[in-house]
Amino acid sequence: MKKNKSKAPAKLSADSLLRLGFPSGKPLGTALNIVHTYYKDLPKNHQIELLQDVLDAPDQYQLHSTLGPLALAILAQKEAAPIALKEQQQDYTIYGASGIDEGAFRQMEIAMRLPVARAGALMPDAHQGYGLPIGGVLATENAVIPYGVGVDIGCRMSMSIYDINTGFLSKNTEELKKMLLDNTRFGHTSFKRPKGHDVMDRPEFSEIPIVRELKDRAFLQLGTSGGGNHFVEFGTVDIKDADNEFNLPVGSYLAVLSHSGSRGLGANIAGYYTKVAMDSCRLPQEAKHLAWLDLATEAGQEYWLAMNLAGDYASACHHQIHERLSEALGESPLATIENHHNFAWKEKDAKGREYIVHRKGATPAGKGVLGIIPGSMATPGFLVRGKGEAKALNSASHGAGRVMSRTQAKNTLSKPQVQKHLKKAGIEVLGSDLDEAPMVYKDIHQVMAAQQDLVEVVGVFNPKIVRMNGDEKYMEVD
DNA sequence: ATGTGC
């Protein structure tokens with residue numbers, strides 16, 4: 001007999017319905033009630049189909065014996081006048097349009113019809129997200145959109161450049177692999193004894209109720225990397241620009257590159273304030289995930305503080321990752337570069353007007369601002385300097401962008417195929433899975449070509465030993 | 001992205 005830890009079969013959850021686009025509030029509660037009362041023995045996917053049918057045509061279910069109340073709740077919410085989107089969409093600038101999917105354009109067009117929207121841009125790695133597309137930049141006035149920032153608040157890149165010859169990498173591969181295994185933590189694992197950090201003393205951890213509840217786990221997750229597309233890797237960086245900010249001679253250096261965010265802390269802050277926003281800012285169905293918080297309200301100010309805390313926490317995690325590796329290498333870095341790409345900033349335009357600039361998967365690229373744009377585990381990443389292009393709202397892409405969904409990757413790629421590819425490219429990979437294989441990403445060179453007006457290249461990073469979430473042997477090449 | 005799930 002099949003063993004199952006939980007006694008009852010998994011119930012259909014509110015969250016899975018929200019993910020399907022089910023309206024929050026009364027319709028959601030009614031739907032769950034009905035399913036758990038009348039349809040609890042149906043398979044989950046049938047339950048979902050049933051609810052989806054009502055959602056698609058509520059008027060046809062008004063008199064239905066069991067689904068009627070749901071139909072009425074949906075219709076009532078539709079009539080409860082939401083904040084209207086503007087008829088006329090504001091213009092926004094697109095970089096690398098040929099590589100961007102239709103869903104991202106659709107989402108951006110909706111965002112540009114929000115009454116609080118003032119300007120926007122789509123970066124060349126853009127793809128469909130939740131609310132605002134990934135690779136979307138949106139400037140609003142006095143309003144912050146939790147899903148315009150994204151779930152992984154303050155997610156960022158960090159690079160340390162060392163005075164170590166690149167030959168060290170190939171000579172000490174096994175030692176460096178062990179160094180990554182010992183000094184980084186992915187997925188649900190964390191350090192037995194987390195290193196303390198000043199960020200844990202911040203008053204927000206005691207003053208904001210939701211944040212207070214998240215403090216203990218945040219401490220346990222300090223210095224960890226999470227899952228998905230997060231990584232820590234050793235590689236080489238070729239400094240191309242002789243006139244660089246670090247006074248580094250042109251040449252190749254060993255470097256550590258990390259990508260991760262604010263872990264459970266940011267994810268829970270994002271989830272909580274999105275709900276608050278959706279309750280207070282009712283928008284039409286197609287825009288509801290773009291619900292905003294007025295910065296003049298208590299909730300808006302609270303989110304702003306919590307978001308900034310999550311950003312600083314993500315930064316602290318990167319610092320600890322790099323500290324541990326520096327210690328293991330026995331070297332202090334010659335230079336460090338860091339930038340976040342899921343965040344909202346208060347910025348001024350040329351006329352001095354202040355806006356809230358949301359970058360959801362977009363790198364700040366104001367004039368002279370340094371940033372890191374990674375490719376994939378087997379392709380170059382770029383150390384860049386912003387050109388301050390106003391039409392791009394001082395932004396650039398945050399990576400290559402996906403061409404293949406995670407599901408599609410798992411269905412179409414094979415492990416031997418990816419391993420062969422990695423072996424040929426000379427990349428060692430610990431952990432990871434098919435959904436992060438190099439071929440799920442757009443060609444980073446095309447993406448960089450599409451944003452020549454936004455950034456200039458200071459250095460090129462080539463990954464060599466990569467660690468991601470997952471069974472550490474999974475993608476390891478013999 | 002996230003110990004995802006009123």
# chains A, B, ... in the order shown; residues from 1 in each chain; ligands from 1
call {"tool": "interface_residues", "arguments": {"of": "chain A", "to": "chain B", "cutoff": "8 Å", "atoms": "only C-alpha atoms (C1' of nucleotides)", "output": "count of residues only"}}
result
16
call {"tool": "select_by_dssp", "arguments": {"residues": "segment 148-234 of chain A", "states": "alpha helix (DSSP H)", "output": "number ranges by chain"}}
result
A: 148-149, 167-171, 173-183, 204-207, 209-220
call {"tool": "write_last_selection", "arguments": {"atoms": "C-alpha atoms", "output": "PDB file, in the first residue's frame"}}
result
ATOM      1  CA  GLY A 148       5.733  44.881  -9.604  1.00  0.00           C
ATOM      2  CA  VAL A 149       8.664  44.122  -7.320  1.00  0.00           C
ATOM      3  CA  GLY A 167      44.766  28.308 -13.922  1.00  0.00           C
ATOM      4  CA  PHE A 168      43.935  27.656 -10.267  1.00  0.00           C
ATOM      5  CA  LEU A 169      40.449  26.615 -11.372  1.00  0.00           C
ATOM      6  CA  SER A 170      41.446  23.698 -13.570  1.00  0.00           C
ATOM      7  CA  LYS A 171      44.201  22.582 -11.214  1.00  0.00           C
ATOM      8  CA  THR A 173      38.591  21.540  -9.499  1.00  0.00           C
ATOM      9  CA  GLU A 174      37.811  18.888  -6.901  1.00  0.00           C
ATOM     10  CA  GLU A 175      38.936  21.113  -4.041  1.00  0.00           C
ATOM     11  CA  LEU A 176      36.805  23.991  -5.320  1.00  0.00           C
ATOM     12  CA  LYS A 177      33.775  21.723  -5.723  1.00  0.00           C
ATOM     13  CA  LYS A 178      34.140  20.713  -2.094  1.00  0.00           C
ATOM     14  CA  MET A 179      34.538  24.365  -1.157  1.00  0.00           C
ATOM     15  CA  LEU A 180      31.151  25.109  -2.739  1.00  0.00           C
ATOM     16  CA  LEU A 181      29.515  22.126  -1.053  1.00  0.00           C
ATOM     17  CA  ASP A 182      30.883  23.128   2.343  1.00  0.00           C
ATOM     18  CA  ASN A 183      30.181  26.837   2.143  1.00  0.00           C
ATOM     19  CA  GLU A 204      11.626  46.366  11.459  1.00  0.00           C
ATOM     20  CA  PHE A 205      12.014  42.829  12.794  1.00  0.00           C
ATOM     21  CA  SER A 206      10.265  43.852  15.993  1.00  0.00           C
ATOM     22  CA  GLU A 207       8.109  46.732  14.811  1.00  0.00           C
ATOM     23  CA  PRO A 209       3.971  42.366  12.966  1.00  0.00           C
ATOM     24  CA  ILE A 210       4.253  40.216   9.813  1.00  0.00           C
ATOM     25  CA  VAL A 211       8.016  40.693   9.739  1.00  0.00           C
ATOM     26  CA  ARG A 212       8.294  39.774  13.413  1.00  0.00           C
ATOM     27  CA  GLU A 213       6.791  36.375  12.667  1.00  0.00           C
ATOM     28  CA  LEU A 214       9.410  35.790   9.988  1.00  0.00           C
ATOM     29  CA  LYS A 215      12.466  36.659  12.060  1.00  0.00           C
ATOM     30  CA  ASP A 216      13.394  33.238  13.430  1.00  0.00           C
ATOM     31  CA  ARG A 217      13.384  31.520  10.070  1.00  0.00           C
ATOM     32  CA  ALA A 218      15.203  34.479   8.502  1.00  0.00           C
ATOM     33  CA  PHE A 219      18.007  33.968  11.024  1.00  0.00           C
ATOM     34  CA  LEU A 220      18.200  30.248  10.221  1.00  0.00           C
TER      35      LEU A 220
END
call {"tool": "select_by_dssp", "arguments": {"residues": "segment 14-227 of chain A", "states": "strand (DSSP E or B)", "output": "short mmCIF file (atom, residue, chain, number, x, y, z; two decimals) with N, CA and C atoms, in the first residue's frame"}}
result
data_model
loop_
_atom_site.label_atom_id
_atom_site.label_comp_id
_atom_site.auth_asym_id
_atom_site.auth_seq_id
_atom_site.Cartn_x
_atom_site.Cartn_y
_atom_site.Cartn_z
N THR A 93 8.87 51.59 -23.88
CA THR A 93 9.92 51.24 -24.83
C THR A 93 10.26 49.77 -24.71
N ILE A 94 10.47 49.13 -25.86
CA ILE A 94 10.77 47.70 -25.88
C ILE A 94 12.18 47.49 -26.45
N ALA A 117 0.32 54.49 -13.42
CA ALA A 117 1.49 54.26 -14.28
C ALA A 117 1.90 55.54 -14.98
N ARG A 118 3.21 55.81 -15.03
CA ARG A 118 3.70 57.02 -15.69
C ARG A 118 4.65 56.71 -16.83
N ALA A 119 5.42 55.66 -16.71
CA ALA A 119 6.37 55.29 -17.77
C ALA A 119 6.74 53.83 -17.60
N GLY A 120 7.21 53.22 -18.68
CA GLY A 120 7.58 51.82 -18.59
C GLY A 120 8.55 51.39 -19.67
N ALA A 121 9.12 50.23 -19.49
CA ALA A 121 10.03 49.68 -20.49
C ALA A 121 10.09 48.16 -20.32
N LEU A 122 10.38 47.49 -21.43
CA LEU A 122 10.50 46.04 -21.40
C LEU A 122 11.91 45.68 -21.84
N MET A 123 12.58 44.91 -21.01
CA MET A 123 13.98 44.54 -21.26
C MET A 123 14.03 43.31 -22.19
N PRO A 124 15.16 43.07 -22.86
CA PRO A 124 15.21 42.02 -23.88
C PRO A 124 15.13 40.59 -23.33
N ASP A 125 15.19 40.42 -22.01
CA ASP A 125 15.03 39.06 -21.46
C ASP A 125 13.60 38.85 -20.95
N ALA A 126 12.70 39.75 -21.32
CA ALA A 126 11.35 39.73 -20.73
C ALA A 126 10.60 38.45 -21.06
N HIS A 127 9.83 37.99 -20.10
CA HIS A 127 8.87 36.91 -20.33
C HIS A 127 7.75 37.04 -19.32
N GLN A 128 6.68 36.31 -19.58
CA GLN A 128 5.47 36.45 -18.78
C GLN A 128 5.71 36.10 -17.32
N GLY A 129 5.18 36.92 -16.45
CA GLY A 129 5.30 36.67 -15.01
C GLY A 129 3.95 36.70 -14.34
N TYR A 130 3.93 37.20 -13.14
CA TYR A 130 2.72 37.29 -12.36
C TYR A 130 2.49 38.78 -12.14
N LEU A 132 3.22 42.07 -13.28
CA LEU A 132 4.18 42.67 -14.21
C LEU A 132 5.08 41.58 -14.78
N PRO A 133 5.39 41.64 -16.09
CA PRO A 133 6.28 40.59 -16.63
C PRO A 133 7.67 40.66 -16.00
N ILE A 134 8.37 39.54 -15.99
CA ILE A 134 9.79 39.54 -15.62
C ILE A 134 10.50 40.31 -16.73
N GLY A 135 11.39 41.20 -16.35
CA GLY A 135 12.02 42.05 -17.36
C GLY A 135 11.22 43.32 -17.61
N GLY A 136 10.22 43.56 -16.76
CA GLY A 136 9.39 44.75 -16.89
C GLY A 136 9.86 45.84 -15.94
N VAL A 137 9.86 47.07 -16.43
CA VAL A 137 10.19 48.23 -15.59
C VAL A 137 8.99 49.16 -15.63
N LEU A 138 8.55 49.59 -14.46
CA LEU A 138 7.35 50.42 -14.41
C LEU A 138 7.53 51.54 -13.40
N ALA A 139 7.31 52.77 -13.86
CA ALA A 139 7.37 53.93 -12.96
C ALA A 139 5.96 54.36 -12.61
N THR A 140 5.69 54.48 -11.32
CA THR A 140 4.38 54.92 -10.86
C THR A 140 4.56 56.15 -10.00
N ALA A 143 2.83 55.21 -5.58
CA ALA A 143 2.21 53.90 -5.41
C ALA A 143 3.27 52.83 -5.61
N VAL A 144 3.19 51.80 -4.78
CA VAL A 144 4.10 50.67 -4.97
C VAL A 144 3.27 49.42 -5.17
N ARG A 156 19.28 39.37 -6.10
CA ARG A 156 20.42 40.12 -6.63
C ARG A 156 21.58 39.25 -7.10
N MET A 157 22.54 39.92 -7.69
CA MET A 157 23.78 39.31 -8.15
C MET A 157 24.92 39.87 -7.31
N SER A 158 25.91 39.05 -7.11
CA SER A 158 27.09 39.55 -6.40
C SER A 158 28.34 38.84 -6.94
N MET A 159 29.38 39.63 -7.17
CA MET A 159 30.62 39.05 -7.70
C MET A 159 31.80 39.51 -6.86
N SER A 160 32.69 38.56 -6.55
CA SER A 160 33.97 38.89 -5.92
C SER A 160 35.07 38.51 -6.91
N ILE A 161 35.99 39.43 -7.11
CA ILE A 161 37.11 39.17 -8.02
C ILE A 161 38.38 39.01 -7.19
N TYR A 162 39.12 37.94 -7.43
CA TYR A 162 40.29 37.63 -6.61
C TYR A 162 41.60 37.75 -7.39
N PHE A 186 21.61 25.19 -0.33
CA PHE A 186 20.51 25.40 -1.28
C PHE A 186 19.24 24.70 -0.81
N GLY A 226 18.76 29.18 -1.54
CA GLY A 226 17.45 28.91 -2.10
C GLY A 226 17.44 27.97 -3.29
#
call {"tool": "atom_distance", "arguments": {"atom1": "atom CA of Ile444 of chain A", "atom2": "atom CA of Ala400 of chain A"}}
result
4.9 Å
call {"tool": "atom_distance", "arguments": {"atom1": "atom CA of Leu63 of chain A", "atom2": "atom CA of Ala76 of chain A"}}
result
14.5 Å
